[in-house]
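Undergrad: Please find my_file.txt (compact mmCIF, C-alpha atoms and all ligand atoms) on the next line:
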# COMPACT_ATOMS: atom_id res chain seq x y z
CA MET J 191 31.91 66.10 1.57
CA VAL J 192 30.49 63.59 4.04
CA GLY J 193 30.17 60.09 2.60
CA ARG J 194 27.08 57.94 2.81
CA LEU J 195 28.90 55.48 5.10
CA GLU J 196 31.00 58.03 6.99
CA GLY J 197 32.17 56.67 10.34
CA LYS J 198 30.82 53.16 9.76
CA ASN J 199 32.95 50.05 10.22
CA ALA J 200 32.30 47.37 7.63
CA LEU J 201 33.45 43.79 7.16
CA VAL J 202 33.24 42.20 3.70
CA THR J 203 33.64 38.46 3.15
CA GLY J 204 34.81 37.21 -0.25
CA ALA J 205 36.48 40.61 -0.76
CA ALA J 206 39.28 39.39 -3.05
CA GLY J 207 37.29 39.82 -6.24
CA GLY J 208 33.92 40.27 -7.89
CA ILE J 209 31.14 41.87 -5.86
CA GLY J 210 33.23 41.94 -2.66
CA LEU J 211 36.06 43.96 -4.20
CA GLU J 212 33.74 46.46 -5.92
CA THR J 213 31.81 46.89 -2.68
CA THR J 214 35.00 47.51 -0.71
CA ILE J 215 36.00 50.24 -3.17
CA LEU J 216 32.61 51.97 -3.03
CA MET J 217 32.41 51.68 0.76
CA LEU J 218 35.81 53.32 1.18
CA ARG J 219 34.77 56.08 -1.22
CA GLU J 220 31.71 56.66 0.96
CA GLY J 221 33.79 57.10 4.11
CA ALA J 222 33.60 53.64 5.73
CA SER J 223 36.46 51.70 7.27
CA VAL J 224 36.63 48.24 5.74
CA LEU J 225 38.08 44.92 6.82
CA MET J 226 38.44 42.90 3.63
CA THR J 227 38.33 39.15 4.28
CA ASP J 228 38.70 36.17 1.96
CA ILE J 229 39.96 32.59 2.00
CA SER J 230 42.63 33.54 -0.55
CA ASP J 231 45.66 35.35 0.87
CA ALA J 232 47.13 36.00 -2.58
CA GLY J 233 43.75 37.22 -3.81
CA LEU J 234 43.49 39.65 -0.90
CA SER J 235 46.96 41.08 -1.61
CA ARG J 236 46.05 41.67 -5.25
CA ALA J 237 42.71 43.18 -4.27
CA LEU J 238 44.25 45.51 -1.68
CA ALA J 239 46.74 46.81 -4.26
CA GLU J 240 43.80 47.47 -6.56
CA VAL J 241 41.90 49.26 -3.81
CA HIS J 242 44.88 51.53 -3.09
CA ALA J 243 45.23 52.28 -6.81
CA VAL J 244 41.54 53.15 -7.27
CA VAL J 245 40.97 54.95 -3.94
CA PRO J 246 44.38 56.45 -3.07
CA THR J 247 42.93 58.71 -0.36
CA HIS J 248 40.14 57.81 2.01
CA SER J 249 39.09 58.86 5.48
CA GLY J 250 38.49 55.30 6.73
CA LYS J 251 40.88 52.45 7.42
CA VAL J 252 41.33 49.44 5.15
CA GLN J 253 42.85 46.15 6.28
CA THR J 254 42.84 42.56 5.08
CA ARG J 255 42.48 39.28 6.92
CA VAL J 256 42.39 35.69 5.73
CA VAL J 257 39.09 34.13 6.84
CA ASP J 258 37.42 30.89 5.84
CA VAL J 259 33.76 31.67 6.52
CA SER J 260 33.01 28.00 7.18
CA LYS J 261 35.21 28.19 10.32
CA GLU J 262 33.32 29.87 13.15
CA SER J 263 36.42 30.82 15.16
CA GLU J 264 37.85 32.67 12.14
CA VAL J 265 34.63 34.60 11.56
CA GLU J 266 34.36 35.50 15.25
CA ALA J 267 37.97 36.72 15.42
CA ALA J 268 37.57 38.83 12.28
CA ILE J 269 34.47 40.58 13.60
CA SER J 270 36.21 41.20 16.95
CA GLN J 271 39.09 42.87 15.08
CA LEU J 272 36.71 45.81 14.54
CA ASP J 273 36.08 46.36 18.28
CA PRO J 274 39.02 48.77 18.67
CA TRP J 275 37.63 50.70 15.67
CA GLY J 276 34.35 51.20 17.54
CA GLY J 277 32.70 47.93 16.57
CA LEU J 278 31.06 46.51 13.49
CA ASP J 279 28.28 48.55 11.84
CA VAL J 280 27.86 46.85 8.45
CA LEU J 281 28.48 43.19 7.62
CA PHE J 282 28.45 42.03 4.02
CA ASN J 283 28.25 38.22 4.07
CA ASN J 284 29.18 37.79 0.43
CA ALA J 285 31.58 34.82 0.17
CA GLY J 286 30.10 31.88 -1.66
CA ILE J 287 30.91 29.02 -4.01
CA MET J 288 29.17 27.41 -6.95
CA HIS J 289 30.93 24.09 -7.48
CA ALA J 290 31.53 22.68 -10.95
CA ASP J 291 30.35 19.24 -9.76
CA ASP J 292 27.03 20.59 -8.48
CA GLY J 293 24.18 19.23 -10.60
CA ASP J 294 20.73 17.70 -10.38
CA ALA J 295 19.40 15.46 -7.62
CA GLU J 296 21.29 12.41 -8.90
CA GLN J 297 24.51 14.07 -9.97
CA THR J 298 25.18 16.12 -6.84
CA SER J 299 27.33 14.18 -4.38
CA GLU J 300 27.01 14.46 -0.63
CA ARG J 301 30.52 15.92 -0.52
CA ILE J 302 29.55 18.79 -2.83
CA TRP J 303 26.27 19.30 -0.97
CA ASP J 304 28.04 19.57 2.39
CA LEU J 305 30.85 21.76 1.07
CA THR J 306 28.37 24.17 -0.50
CA MET J 307 26.17 24.32 2.61
CA ASN J 308 29.17 24.80 4.90
CA ILE J 309 30.35 27.88 3.02
CA ASN J 310 27.14 29.38 1.63
CA VAL J 311 24.83 28.77 4.59
CA LYS J 312 26.87 28.05 7.72
CA GLY J 313 29.27 30.83 6.75
CA VAL J 314 26.39 33.31 6.57
CA TRP J 315 24.94 32.04 9.87
CA TYR J 316 28.32 32.43 11.63
CA GLY J 317 28.60 35.96 10.27
CA CYS J 318 25.11 36.89 11.44
CA LYS J 319 25.60 35.29 14.85
CA HIS J 320 28.84 37.11 15.62
CA ALA J 321 27.55 40.34 14.09
CA VAL J 322 24.62 40.36 16.55
CA LYS J 323 26.99 39.64 19.46
CA SER J 324 29.25 42.46 18.30
CA PHE J 325 26.39 44.94 17.78
CA ARG J 326 25.21 44.29 21.35
CA ARG J 327 28.73 44.33 22.81
CA ASN J 328 29.36 47.70 21.19
CA ALA J 329 25.91 49.10 22.13
CA LYS J 330 24.86 49.71 18.51
CA THR J 331 21.34 50.98 18.00
CA LYS J 332 21.49 50.71 14.23
CA ALA J 333 23.40 48.23 12.13
CA SER J 334 23.02 46.44 8.82
CA VAL J 335 23.76 42.93 7.61
CA ILE J 336 23.59 42.13 3.90
CA ASN J 337 23.66 38.46 2.92
CA THR J 338 24.32 37.50 -0.68
CA ALA J 339 21.73 35.03 -1.94
CA SER J 340 20.89 34.73 -5.64
CA MET J 341 17.98 35.06 -7.99
CA VAL J 342 18.18 31.27 -8.46
CA ALA J 343 16.56 31.05 -5.04
CA LEU J 344 13.50 32.84 -6.48
CA VAL J 345 12.99 31.12 -9.84
CA GLY J 346 13.61 27.60 -11.03
CA ALA J 347 16.25 26.75 -13.63
CA ALA J 348 16.36 23.79 -15.99
CA THR J 349 20.14 23.84 -15.60
CA PRO J 350 20.18 22.70 -11.97
CA GLN J 351 22.87 23.27 -9.40
CA LEU J 352 20.87 21.83 -6.58
CA ALA J 353 23.22 22.41 -3.67
CA TYR J 354 23.89 26.01 -4.71
CA THR J 355 20.21 26.80 -5.23
CA ALA J 356 19.19 25.20 -1.94
CA SER J 357 21.95 27.07 -0.11
CA LYS J 358 20.77 30.42 -1.46
CA GLY J 359 17.17 29.60 -0.53
CA ALA J 360 18.38 28.99 3.01
CA VAL J 361 20.10 32.39 2.99
CA LEU J 362 16.80 34.08 2.09
CA ALA J 363 14.94 32.28 4.87
CA LEU J 364 17.47 32.84 7.64
CA THR J 365 17.93 36.50 6.67
CA ARG J 366 14.18 37.15 6.78
CA GLU J 367 13.85 35.55 10.21
CA LEU J 368 16.79 37.42 11.72
CA ALA J 369 15.45 40.68 10.28
CA ILE J 370 12.21 40.28 12.19
CA ALA J 371 13.80 38.91 15.36
CA HIS J 372 16.18 41.88 15.71
CA ALA J 373 14.05 44.68 14.21
CA ARG J 374 13.49 46.50 17.52
CA GLU J 375 17.20 46.49 18.27
CA GLY J 376 17.76 48.45 15.06
CA PHE J 377 19.69 45.61 13.41
CA ARG J 378 18.56 45.22 9.80
CA PHE J 379 19.08 42.11 7.69
CA ASN J 380 18.53 42.04 3.94
CA SER J 381 19.38 39.54 1.20
CA LEU J 382 20.99 40.60 -2.05
CA CYS J 383 19.71 38.60 -5.03
CA PRO J 384 22.02 39.10 -8.02
CA ALA J 385 21.31 37.86 -11.53
CA PRO J 386 24.07 36.03 -13.46
CA LEU J 387 27.13 38.26 -13.41
CA ASN J 388 30.25 38.96 -15.32
CA THR J 389 32.48 37.76 -12.43
CA PRO J 390 34.92 34.83 -12.24
CA LEU J 391 32.48 32.73 -10.19
CA LEU J 392 30.18 32.29 -13.19
CA GLN J 393 32.35 33.22 -16.16
CA ASP J 394 35.10 30.69 -15.32
CA TRP J 395 32.41 28.03 -15.04
CA LEU J 396 30.75 28.94 -18.36
CA GLY J 397 34.09 29.23 -20.16
CA ASP J 398 33.71 29.39 -23.96
CA ASP J 399 30.80 26.94 -24.06
CA LYS J 400 28.51 28.88 -26.45
CA GLU J 401 25.47 26.67 -25.91
CA LYS J 402 25.71 26.95 -22.14
CA ARG J 403 25.96 30.74 -22.46
CA PHE J 404 23.06 31.03 -24.92
CA ARG J 405 20.83 29.00 -22.61
CA ARG J 406 21.16 31.86 -20.11
CA GLU J 407 21.62 34.94 -22.27
CA ILE J 408 18.30 34.48 -24.08
CA HIS J 409 16.52 35.27 -20.78
CA PHE J 410 18.29 38.58 -20.04
CA PRO J 411 15.93 41.53 -20.68
CA THR J 412 18.91 43.89 -21.02
CA GLY J 413 20.80 41.40 -23.21
CA ARG J 414 23.83 41.20 -20.96
CA PHE J 415 25.25 39.81 -17.72
CA GLY J 416 25.23 42.08 -14.70
CA GLU J 417 28.41 43.72 -13.46
CA ALA J 418 29.77 43.45 -9.93
CA ILE J 419 29.62 47.21 -9.45
CA GLU J 420 25.87 47.17 -10.05
CA GLN J 421 25.52 44.87 -7.03
CA ALA J 422 27.99 46.93 -5.01
CA HIS J 423 25.90 50.10 -5.39
CA ALA J 424 22.93 48.23 -3.92
CA VAL J 425 25.06 47.01 -1.00
CA VAL J 426 26.17 50.57 -0.21
CA PHE J 427 22.52 51.62 -0.13
CA LEU J 428 21.55 48.69 2.13
CA GLY J 429 24.50 49.38 4.42
CA SER J 430 23.78 53.10 4.72
CA ASP J 431 21.14 54.88 6.81
CA GLU J 432 19.36 55.77 3.56
CA SER J 433 17.80 52.29 3.76
CA SER J 434 16.75 52.61 7.43
CA PHE J 435 13.23 51.28 6.64
CA VAL J 436 14.38 48.52 4.30
CA ASN J 437 14.41 45.29 6.29
CA ALA J 438 13.88 41.57 5.54
CA ALA J 439 13.93 42.30 1.81
CA ASP J 440 14.91 39.90 -0.95
CA PHE J 441 16.71 42.81 -2.64
CA VAL J 442 16.73 41.78 -6.29
CA VAL J 443 19.30 43.39 -8.61
CA ASP J 444 18.75 41.49 -11.82
CA GLY J 445 17.98 43.83 -14.73
CA GLY J 446 14.39 42.57 -14.64
CA LEU J 447 15.30 38.92 -15.23
CA THR J 448 13.02 37.42 -12.59
CA LYS J 449 10.05 39.42 -13.89
CA ALA J 450 10.49 38.61 -17.59
CA TYR J 451 8.40 36.35 -19.80
CA VAL J 452 9.39 37.17 -23.40
CA THR J 453 12.58 39.18 -23.67
CA PRO J 454 13.21 42.09 -26.05
CA GLU J 455 15.27 41.85 -29.21
CA GLY J 456 18.01 44.23 -30.29
CA PRO J 457 21.43 45.15 -28.99
CA ALA J 458 22.30 44.78 -25.32
CA THR J 459 22.46 47.81 -23.04
CA GLU J 460 25.83 49.26 -22.21
CA ALA J 461 27.41 47.85 -19.04
CA PRO J 462 29.05 50.12 -16.48
CA ARG J 463 32.77 49.64 -15.89
CA ASN J 464 33.91 48.00 -12.70
CA LEU J 465 36.44 49.95 -10.67
CA GLY J 466 38.57 46.98 -9.51
CA VAL J 467 40.15 44.27 -11.65
N1 LIG D 501 28.50 35.69 -10.21
C1 LIG D 501 27.20 35.44 -10.29
O1 LIG D 501 26.64 35.25 -11.37
C2 LIG D 501 26.38 35.44 -9.02
C3 LIG D 501 24.98 35.44 -9.12
C4 LIG D 501 24.23 35.39 -7.96
C5 LIG D 501 24.86 35.35 -6.73
N2 LIG D 501 26.21 35.36 -6.66
C6 LIG D 501 26.84 35.31 -5.32
O2 LIG D 501 27.62 36.47 -5.12
C7 LIG D 501 28.65 36.20 -4.17
C8 LIG D 501 29.97 36.74 -4.69
O3 LIG D 501 30.25 36.13 -5.90
P1 LIG D 501 31.12 36.76 -7.07
O4 LIG D 501 30.34 36.62 -8.30
O5 LIG D 501 31.66 38.08 -6.66
O6 LIG D 501 32.24 35.63 -7.11
P2 LIG D 501 33.81 35.59 -6.94
O7 LIG D 501 34.17 34.17 -7.15
O8 LIG D 501 34.44 36.65 -7.76
O9 LIG D 501 33.99 35.96 -5.39
C9 LIG D 501 33.74 35.06 -4.35
C10 LIG D 501 34.88 35.20 -3.32
O10 LIG D 501 34.60 34.34 -2.21
C11 LIG D 501 35.82 33.76 -1.79
N3 LIG D 501 35.56 32.54 -1.04
C12 LIG D 501 35.24 31.30 -1.53
N4 LIG D 501 35.12 30.44 -0.52
C13 LIG D 501 35.37 31.12 0.63
C14 LIG D 501 35.40 30.77 2.01
N5 LIG D 501 35.18 29.52 2.41
N6 LIG D 501 35.68 31.74 2.91
C15 LIG D 501 35.93 33.00 2.51
N7 LIG D 501 35.94 33.40 1.23
C16 LIG D 501 35.66 32.47 0.30
C17 LIG D 501 36.59 33.53 -3.07
O11 LIG D 501 37.98 33.39 -2.83
C18 LIG D 501 36.23 34.77 -3.89
O12 LIG D 501 37.18 35.82 -3.70
C19 LIG D 501 28.61 34.69 -3.93
O13 LIG D 501 27.92 34.42 -2.72
C20 LIG D 501 27.80 34.17 -5.11
O14 LIG D 501 27.14 32.97 -4.83
C21 LIG D 501 26.98 35.43 -7.78
Would you write the structure of this file as structure tokens?
TA:
Amino acid sequence: MVGRLEGKNALVTGAAGGIGLETTILMLREGASVLMTDISDAGLSRALAEVHAVVPTHSGKVQTRVVDVSKESEVEAAISQLDPWGGLDVLFNNAGIMHADDGDAEQTSERIWDLTMNINVKGVWYGCKHAVKSFRRNAKTKASVINTASMVALVGAATPQLAYTASKGAVLALTRELAIAHAREGFRFNSLCPAPLNTPLLQDWLGDDKEKRFRREIHFPTGRFGEAIEQAHAVVFLGSDESSFVNAADFVVDGGLTKAYVTPEGPATEAPRNLGV
């Protein structure tokens, strides 16, 4: 059976866990070759072991590389690593942070602001920049870049994380502009806008603070957090040729959260199981 990403070369940032790991697994299942990158070497080793356990046979290659997305030379070198494979086809700019010391306009320090912007915005820009250079170098006539933003860039929250929210708004804007600028080259750019998820990024931050959790859970139409695999399925679609006419989209995968006013009562819907850790 031919996979939906057969023959495509993909690079995933923040691939050591959460959305990045689930996406790597689904991409391999769909026939892609994947370069998994992350700032955490130990995290990548654990994730690769998980990938081999879940997808023991696959037609594509899978490799890992330590990359800090806020360092342009590291991003450029990682994308170039795919040249001998035939060149990059799909870039998933997914790495991001949400710092515990991020707060409202007064609370957020300049250090946290700059750190967040360097990873969440500059990192995405570096990825896009070197993806375009690679697509041209390798004479690609169709390619896809998916940048992870967030639904917090679409709606306001009374629990502010100003640097994070601003960074994700910047991701939406830069993605939209690149999508239009490169449309006639066949290079598509879309933003993924996840709702709050059951991944370490948010769950470690919420911990067992019931009030903090309730403040969010009351707004979920489905009554539950999203799962990483539910985002990963959307990324596979956006990376594949099935989405050839989907460009410049704020691709919202949120269980209806950003369209809800009063939420339903009753038990939560059943969540799908993630394939990785
Ligand atoms: N979890 C949520 O509720 C949620 C909601 C909306 C958007 N998002 C976004 O989804 C993306 C993935 O988040 P996740 O929930 O899978 O979180 P996660 O924490 O499980 O994964 C993020 C990964 O990024 C890596 N990373 C951090 N800084 C890096 C850097 N400088 N260079 C390279 N890698 C780095 C981490 O090591 C980690 O493996 C992020 O951009 C996040 O902002 C998450």
Undergrad: Set the distance at 9 Å and use all atoms listed in the file: which residues neighbour segment 222-234 of chain J once local chain neighbours fewer than 3 positions away are removed? I'd like the list as an MDAnalysis selection string.
TA: chainID J and resid 193:207 210:211 214 216:219 237:239 248:259 268:269 271:272 275 285
Undergrad: Between atom O14 of ligand LIG 501 (chain D) and atom CA of Met341 of chain J, what is the spacing in Å?
TA: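 Spanning atom CA of Met341 of chain J to atom O14 of ligand LIG 501 (chain D) is a straight-line distance of 9.9 Å.
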Undergrad: So what do you get for atom C4 of ligand LIG 501 (chain D) versus atom CA of Ser434 of chain J, distance-wise?
TA: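 Computed distance, atom C4 of ligand LIG 501 (chain D) to atom CA of Ser434 of chain J, equals 24.3 Å.
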Undergrad: I'd like the interatomic distance between atom N1 of ligand LIG 501 (chain D) and atom CA of Pro386 of chain J, to a tenth of an Å.
TA: 5.5 Å
Undergrad: Could you list, with a cut-off of 7 Å and counting all atoms listed in the file, the residues of segment 200-252 of chain J near segment 416-420 of chain J, each shown with its nearest atom pair and the distance in Å rounded to one decimal, rows sorted by chain and ascending number, as JSON lines?
TA:
{"residue": "J:Gly208", "atom": "CA", "partner": "J:Ala418", "partner_atom": "CA", "distance": 5.6}
{"residue": "J:Ile209", "atom": "CA", "partner": "J:Ala418", "partner_atom": "CA", "distance": 4.6}
{"residue": "J:Glu212", "atom": "CA", "partner": "J:Ile419", "partner_atom": "CA", "distance": 5.5}
Undergrad: Skip segment 441-450 of chain J itself and residues of its chain fewer than 3 positions away, then list as a ChimeraX atom specification all residues within 12 Å of it, counting all atoms listed in the file.
TA: /J:336-347,362,365-366,379-387,406-425,427-428,433,436-438,453-454,458-459,461
Undergrad: Would you output that residue set with C-alpha atoms, as a compact mmCIF listing (two decimals), keeping the file's coordinate frame?
TA:
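Okay, result.txt is ready:
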# COMPACT_ATOMS: atom_id res chain seq x y z
CA ILE J 336 23.59 42.13 3.90
CA ASN J 337 23.66 38.46 2.92
CA THR J 338 24.32 37.50 -0.68
CA ALA J 339 21.73 35.03 -1.94
CA SER J 340 20.89 34.73 -5.64
CA MET J 341 17.98 35.06 -7.99
CA VAL J 342 18.18 31.27 -8.46
CA ALA J 343 16.56 31.05 -5.04
CA LEU J 344 13.50 32.84 -6.48
CA VAL J 345 12.99 31.12 -9.84
CA GLY J 346 13.61 27.60 -11.03
CA ALA J 347 16.25 26.75 -13.63
CA LEU J 362 16.80 34.08 2.09
CA THR J 365 17.93 36.50 6.67
CA ARG J 366 14.18 37.15 6.78
CA PHE J 379 19.08 42.11 7.69
CA ASN J 380 18.53 42.04 3.94
CA SER J 381 19.38 39.54 1.20
CA LEU J 382 20.99 40.60 -2.05
CA CYS J 383 19.71 38.60 -5.03
CA PRO J 384 22.02 39.10 -8.02
CA ALA J 385 21.31 37.86 -11.53
CA PRO J 386 24.07 36.03 -13.46
CA LEU J 387 27.13 38.26 -13.41
CA ARG J 406 21.16 31.86 -20.11
CA GLU J 407 21.62 34.94 -22.27
CA ILE J 408 18.30 34.48 -24.08
CA HIS J 409 16.52 35.27 -20.78
CA PHE J 410 18.29 38.58 -20.04
CA PRO J 411 15.93 41.53 -20.68
CA THR J 412 18.91 43.89 -21.02
CA GLY J 413 20.80 41.40 -23.21
CA ARG J 414 23.83 41.20 -20.96
CA PHE J 415 25.25 39.81 -17.72
CA GLY J 416 25.23 42.08 -14.70
CA GLU J 417 28.41 43.72 -13.46
CA ALA J 418 29.77 43.45 -9.93
CA ILE J 419 29.62 47.21 -9.45
CA GLU J 420 25.87 47.17 -10.05
CA GLN J 421 25.52 44.87 -7.03
CA ALA J 422 27.99 46.93 -5.01
CA HIS J 423 25.90 50.10 -5.39
CA ALA J 424 22.93 48.23 -3.92
CA VAL J 425 25.06 47.01 -1.00
CA PHE J 427 22.52 51.62 -0.13
CA LEU J 428 21.55 48.69 2.13
CA SER J 433 17.80 52.29 3.76
CA VAL J 436 14.38 48.52 4.30
CA ASN J 437 14.41 45.29 6.29
CA ALA J 438 13.88 41.57 5.54
CA THR J 453 12.58 39.18 -23.67
CA PRO J 454 13.21 42.09 -26.05
CA ALA J 458 22.30 44.78 -25.32
CA THR J 459 22.46 47.81 -23.04
CA ALA J 461 27.41 47.85 -19.04
Undergrad: Identify which of the residues J:Leu281, J:Leu305, J:Cys318, J:Val426 lies closest to ligand LIG 501 (chain D), counting all atoms listed in the file when measuring atom-to-atom distances.
TA: J:Leu305
Undergrad: Would you please work out which residue, of J:Gly276, J:Gly221, J:Gly313, J:Pro462, is nearest to ligand LIG 501 (chain D) when using only C-alpha atoms and all ligand atoms?
TA: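 Residue with the minimum atom-to-atom distance to ligand LIG 501 (chain D): J:Gly313.
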Undergrad: Between J:Glu455, J:Asp279, J:Glu262, J:Glu220, which is the closest to ligand LIG 501 (chain D) once you count all atoms listed in the file?
TA: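 Looking at the shortest contact to ligand LIG 501 (chain D), the residue is J:Glu262.
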Undergrad: Taking all atoms listed in the file into account, name the residue in J:Gln351, J:Ser260, J:Ser357, J:Ser324 that is nearest to ligand LIG 501 (chain D).
TA: J:Ser260
Undergrad: Hey, which of J:Arg405, J:His372, J:Arg463, J:His242 ends up closest to Lys319 of chain J? Count all atoms listed in the file.
TA: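 Going through J:Arg405, J:His372, J:Arg463, J:His242 one by one, the smallest distance to Lys319 of chain J is for J:His372.
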Undergrad: Would you pick out the contacts of His320 of chain J at 10 Å or less, using only C-alpha atoms, so that residues sharing its chain but fewer than 4 positions from it are not included, and give the list as a list in words?
TA: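 These residues fall inside the cut-off: Glu262, Ser263, Val265, Glu266, Ala267, Ala268, Ile269, Ser270, Leu278, Trp315, Tyr316, Ser324, Phe325 and Arg326 of chain J.
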Undergrad: With N, CA and C atoms as the target, complete segment 232-245 of chain J and hand it back as a tab-separated table (two decimals), keeping the file's coordinate frame.
TA:
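The file below, result10.tsv, is the result:
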chain	number	residue	atom	x	y	z
J	232	ALA	N	46.58	35.36	-1.37
J	232	ALA	CA	47.13	36.00	-2.58
J	232	ALA	C	46.08	36.91	-3.22
J	233	GLY	N	44.85	36.43	-3.25
J	233	GLY	CA	43.75	37.22	-3.81
J	233	GLY	C	43.55	38.53	-3.05
J	234	LEU	N	43.66	38.44	-1.72
J	234	LEU	CA	43.49	39.65	-0.90
J	234	LEU	C	44.60	40.66	-1.17
J	235	SER	N	45.83	40.17	-1.34
J	235	SER	CA	46.96	41.08	-1.61
J	235	SER	C	46.74	41.81	-2.93
J	236	ARG	N	46.32	41.06	-3.94
J	236	ARG	CA	46.05	41.67	-5.25
J	236	ARG	C	44.92	42.69	-5.13
J	237	ALA	N	43.89	42.31	-4.40
J	237	ALA	CA	42.71	43.18	-4.27
J	237	ALA	C	43.06	44.45	-3.51
J	238	LEU	N	43.89	44.32	-2.47
J	238	LEU	CA	44.25	45.51	-1.68
J	238	LEU	C	45.06	46.49	-2.53
J	239	ALA	N	45.95	45.94	-3.36
J	239	ALA	CA	46.74	46.81	-4.26
J	239	ALA	C	45.79	47.56	-5.20
J	240	GLU	N	44.79	46.87	-5.66
J	240	GLU	CA	43.80	47.47	-6.56
J	240	GLU	C	43.02	48.57	-5.83
J	241	VAL	N	42.65	48.28	-4.61
J	241	VAL	CA	41.90	49.26	-3.81
J	241	VAL	C	42.74	50.53	-3.63
J	242	HIS	N	44.01	50.36	-3.29
J	242	HIS	CA	44.88	51.53	-3.09
J	242	HIS	C	45.04	52.32	-4.39
J	243	ALA	N	45.07	51.60	-5.52
J	243	ALA	CA	45.23	52.28	-6.81
J	243	ALA	C	43.97	53.08	-7.17
J	244	VAL	N	42.81	52.51	-6.87
J	244	VAL	CA	41.54	53.15	-7.27
J	244	VAL	C	41.10	54.22	-6.27
J	245	VAL	N	41.36	53.97	-4.98
J	245	VAL	CA	40.97	54.95	-3.94
J	245	VAL	C	42.24	55.33	-3.15
